[in-house]
Amino acid sequence: MEDIHRQAFRDEAADLLHELEVALLELEDAPGDGELINRVFRAMHTLKGSGAMFGFDDIAQFTHEVETVFDRVRSGQLQVGKQLLDLTFQAKDHVISLLEHDGEDLSPFMARAEAILAGFKTFDQAQADTAVGASATPEACGQCGSKEPTGQGADVEEVVRRVRMKPRPDIYSTGNNPEYLLEDLKALGQSLVFVHVEDIPPLRDLDPLSCHLWWDVLLTSQASESAIRDVFLFAEDECELSVKTLETTGEVELKKLGEILVEHGDISQEAVERTLGGQKRLGTLLTEAGLLPAKSLDAALAEQNLVRDKLERRKGADGGSSLRVSSEKLDVLQDLVGELVIVQSQIGQLAAMSENPSLHTLAEQLERLSDDIRDSTLSIRMQPIGSTFSVYRRLVRDLSAETGKEIDLVTSGEETELDKTVLDRLGDALIHLLRNSIDHGVEPPADREGSGKPGRGVIRLSAEHSGGDVVISVADDGRGIDLAKVRRKGVERGLIAEDADIGPDEIMDLIFQPGFSTAGTVSNVSGRGVGMDVVKGVVNSLRGSIEMGSTLGQGSVATIRLPLTLAIIDGLQVQVDGQGFVLPLDRVEECMELRRRDLSANGKGRIINLRGDVVPFILLREWFGSTGEPPDIEQVVVLQVEGMRVGMVVDQVMGEHQTVIKSLGPVFRKLDGFSGATVQGDGTLSLILDVKRIVQMSLGGARQMHSVDAPGAVIPARLLS
């Protein structure tokens, strides 16, 4: 049981540390933002309390010291600056180290903790030295957070209270002013103020030096009751004051209007019961009967609505609570759903062969349930990519400081969702791309200003949905990629011949070769040529693609295109020479017939005229080296591959099929043209075709195209845009 509790704390701590880093990065841009300071304090305070509860005493003691520093920041005694943020980032990293080495000897980490805490003490002392004498002035007292004793804090929930202030008529003669008291109340939180005018006498009896007004204030604040009463410290004898708590963090009963009015003392219980005999609403009846001033009714209704709204917000928050589940359990669930999809497909195939209508009905119901379970399981695994963006902000911040550059990271599309497995495996690739942009792309401030650019560079990290894919781009406004330099380096390394006739795209592809680097020196950031090839390998393993674009002197951009999920896809089942294959259905536009006698005998590359568009196609029989006799009428499956339309000729289109992707074994993993395998409804295996790779290898080598008009009728296929 203890291990379960400690693991629960690790999970909670991971979320808190993520929240801490996000708040610190935002605080760097807005150092005076009190809410951000409270977020940092709140994270440290929770880490300290939970750590002590679950036996992480080292973390509790360490975070207590950091929490104390930010408590002084909250009270205005310390100012946020780069030194404080750097120390807090180090403290966050230290807590991660303690969590990762839980159960081990932590003595090697104590020296680091002492160094970080010593840094905080030095920072505290330095700011104290610069503020000598300031605390003795009245202005300094106002800035040092005199409201701290009021009980306000980031870890205190707001409470609704009703403050009733009835000044004595001669309050002005004492030097007090009710208007100033109301302003002080408003400073404690959100307030609704109701002024009562029913005690104002007729004009002939009005004394202009007397106060005939009184007020009800509904105050929503973290301030304690004693802090509210302190506002009236010097006017307590000059007014009738009542402070009543209407709503707390516990269970609250929503009071009826009559109960509130009786409690205020605005009307008697007997008057309420006597008036309830009418048909109108109680408030209207009371005011029409002359038993209740309109302002008293307004104040009571506002109080009732305020408490009701707060209760509804709390219920909404409770209803939207989440449950933490380990990724291993989700992986098991996904595997089970995959097996369910396979069994459902097998049952569906048996039902199709049967003449039993009941079996047909059950198979259809099972298919619908299987689809719903599949979609729900996949949606559980989807996470917004923005959850990882804070990691990259920290990376850019640290590396820009290390390289002496000034760089901002601008992100967009944080809400774009991606499968958790894809997101986890993509992290290293994005880190490599960002490091390259920082080291190779963005120039030092002096160089940028010399070329007419702002001294501060910008890296843009964006994500968006595009059809069935997610497109992620990393762009910078740096020096760009010098293709001439890349070509020279490629010739030096023997990757291309000196007289090779290749275009810009082929030259750009050289940077993805293992060990390729144009850096003159090796730094801590890059220069060893072990970055872009890693990126391409990761992207390829995720069944994605990556492209580089660049304009010399203006910047470069890397664009990654990835599938939404790696587990289950909709596929189009086809047959070639008696063997089943699967094409990703989100790539399919349509299917059409093609007669073998209309084909030219020369070359492997061919084109068709598809309603006026020239579309190249590939004969999969020739691709696989099949020796059997093809059918007289074949099918062309028209696909969208990287912005172009390409046809693949198959013997027969079998239909749509839910495809559970199974990885190929080590022996076949490097086999070109296949991205995995799946189990069909009859229990046989079918290979999933890597259409992008087949197009690259086939059309890239054979440039001779022969035209033929496709005479057959067009057979629509499911189109996913």
# chains A, B, ... in the order shown; residues from 1 in each chain; ligands from 1
$ residues_around --residues "region 111-117 of chain A" --least-positions-apart "5" --cutoff "9 Å" --atoms "only C-alpha atoms" --output "PyMOL selection string"
chain A and resi 62+65-66+87-88+90-91+94+122
$ closest_residue --among "A:Ile380, A:Val574, A:Leu685, A:Leu430" --to "Gln635 (chain A)" --atoms "only C-alpha atoms"
A:Val574
$ closest_residue --among "A:Pro504, A:Arg595, A:Ser387, A:Met644" --to "Asp613 (chain A)" --atoms "only C-alpha atoms"
A:Met644
$ residues_around --residues "region 487-496 of chain A" --least-positions-apart "4" --cutoff "10 Å" --atoms "only C-alpha atoms" --output "PyMOL selection string"
chain A and resi 482-483+500-502+504+506-508+510-511+513+515-518
$ residues_around --residues "Asp237 (chain A)" --least-positions-apart "5" --cutoff "12 Å" --atoms "only C-alpha atoms" --output "number ranges by chain"
A: 165-168, 170-171, 174, 176, 232
$ write_last_selection --atoms "C-alpha atoms" --output "compact mmCIF listing (two decimals), in the first residue's frame"
# COMPACT_ATOMS: atom_id res chain seq x y z
CA MET A 165 -22.76 48.88 7.47
CA LYS A 166 -25.18 51.36 9.09
CA PRO A 167 -23.26 54.56 9.93
CA ARG A 168 -24.40 56.91 12.69
CA ASP A 170 -22.87 62.16 12.77
CA ILE A 171 -20.13 59.93 11.28
CA THR A 174 -15.55 62.22 13.41
CA ASN A 176 -14.65 59.15 8.81
CA PHE A 232 -13.65 49.46 10.17
$ residues_around --residues "Asp469 (chain A)" --least-positions-apart "2" --cutoff "12 Å" --atoms "only C-alpha atoms" --output "compact mmCIF listing (two decimals) with C-alpha atoms, in the first residue's frame"
# COMPACT_ATOMS: atom_id res chain seq x y z
CA THR A 416 -4.06 19.84 -31.57
CA GLU A 417 -4.39 16.25 -30.31
CA LEU A 418 -2.08 13.36 -31.07
CA ASP A 419 -1.82 9.77 -29.88
CA VAL A 422 3.29 9.30 -31.15
CA ALA A 463 0.72 22.07 -35.01
CA GLU A 464 -2.52 21.57 -36.93
CA HIS A 465 -4.81 18.86 -38.26
CA SER A 466 -4.72 18.21 -41.99
CA GLY A 467 -7.10 15.46 -43.09
CA VAL A 471 1.26 18.61 -39.43
CA ILE A 472 3.96 19.97 -37.11
CA LEU A 542 5.93 6.72 -36.92
CA ARG A 543 4.82 6.24 -40.54
CA GLY A 544 5.28 9.94 -41.16
CA SER A 545 7.29 12.19 -43.45
CA ILE A 560 6.57 16.86 -40.13
CA ARG A 561 3.42 15.02 -41.21
CA LEU A 562 2.22 12.22 -38.92
CA PRO A 563 -0.82 9.93 -38.66
CA LEU A 564 -3.15 10.58 -35.74
CA THR A 565 -2.70 7.09 -34.30
CA LEU A 566 -0.47 4.07 -34.74
CA ILE A 569 -6.76 2.55 -39.01
CA PRO A 584 -4.61 3.32 -45.80
CA ASP A 586 -7.43 8.11 -45.66
CA ARG A 587 -5.15 8.21 -48.73
CA GLU A 642 2.26 14.15 -50.43
CA LEU A 720 -11.54 11.18 -46.15
CA SER A 721 -10.52 14.82 -46.36
$ atom_distance --atom1 "CA of Thr659 (chain A)" --atom2 "CA of Asp372 (chain A)"
15.0 Å
$ residues_around --residues "Lys692 (chain A)" --least-positions-apart "4" --cutoff "12 Å" --atoms "only C-alpha atoms" --output "list in words"
Asn540, Arg543, Gly544, Ser545, Ile546, Arg561, Leu583, Pro584, Arg587, Leu639, Gln640, Val641, Glu642, Gly643, Met644, Arg645, Val646, Gly647, Met648, Asp672, Gly673, Phe674, Ser675, Ile688, Gln696, Met697, Ser698, Leu699 and Gly700 of chain A
$ residues_around --residues "Ala352 (chain A)" --least-positions-apart "6" --cutoff "12 Å" --atoms "only C-alpha atoms" --output "ChimeraX atom specification"
/A:345-346,358-364,681-682
$ select_by_dssp --residues "region 445-594 of chain A" --states "strand (DSSP E)" --output "ChimeraX atom specification"
/A:457-466,469-476,545-551,555-563,568-576,579-584,588-594
$ select_by_dssp --residues "region 533-616 of chain A" --states "alpha helix (DSSP H)" --output "PDB file with C-alpha atoms, in the first residue's frame"
ATOM      1  CA  ASP A 533      19.251  11.468 -39.323  1.00  0.00           C
ATOM      2  CA  VAL A 534      17.775  10.697 -35.887  1.00  0.00           C
ATOM      3  CA  VAL A 535      14.832  12.966 -36.688  1.00  0.00           C
ATOM      4  CA  LYS A 536      14.170  11.220 -40.000  1.00  0.00           C
ATOM      5  CA  GLY A 537      14.459   7.800 -38.379  1.00  0.00           C
ATOM      6  CA  VAL A 538      11.943   8.705 -35.678  1.00  0.00           C
ATOM      7  CA  VAL A 539       9.494  10.206 -38.172  1.00  0.00           C
ATOM      8  CA  ASN A 540       9.768   7.199 -40.502  1.00  0.00           C
ATOM      9  CA  SER A 541       9.161   4.822 -37.600  1.00  0.00           C
TER      10      SER A 541
END
$ closest_residue --among "A:Leu433, A:Val636, A:Ala14, A:Ala23" --to "Ile459 (chain A)" --atoms "only C-alpha atoms"
A:Leu433
$ closest_residue --among "A:Asp428, A:Glu443, A:Glu593, A:Glu303" --to "Leu218 (chain A)" --atoms "only C-alpha atoms"
A:Glu303
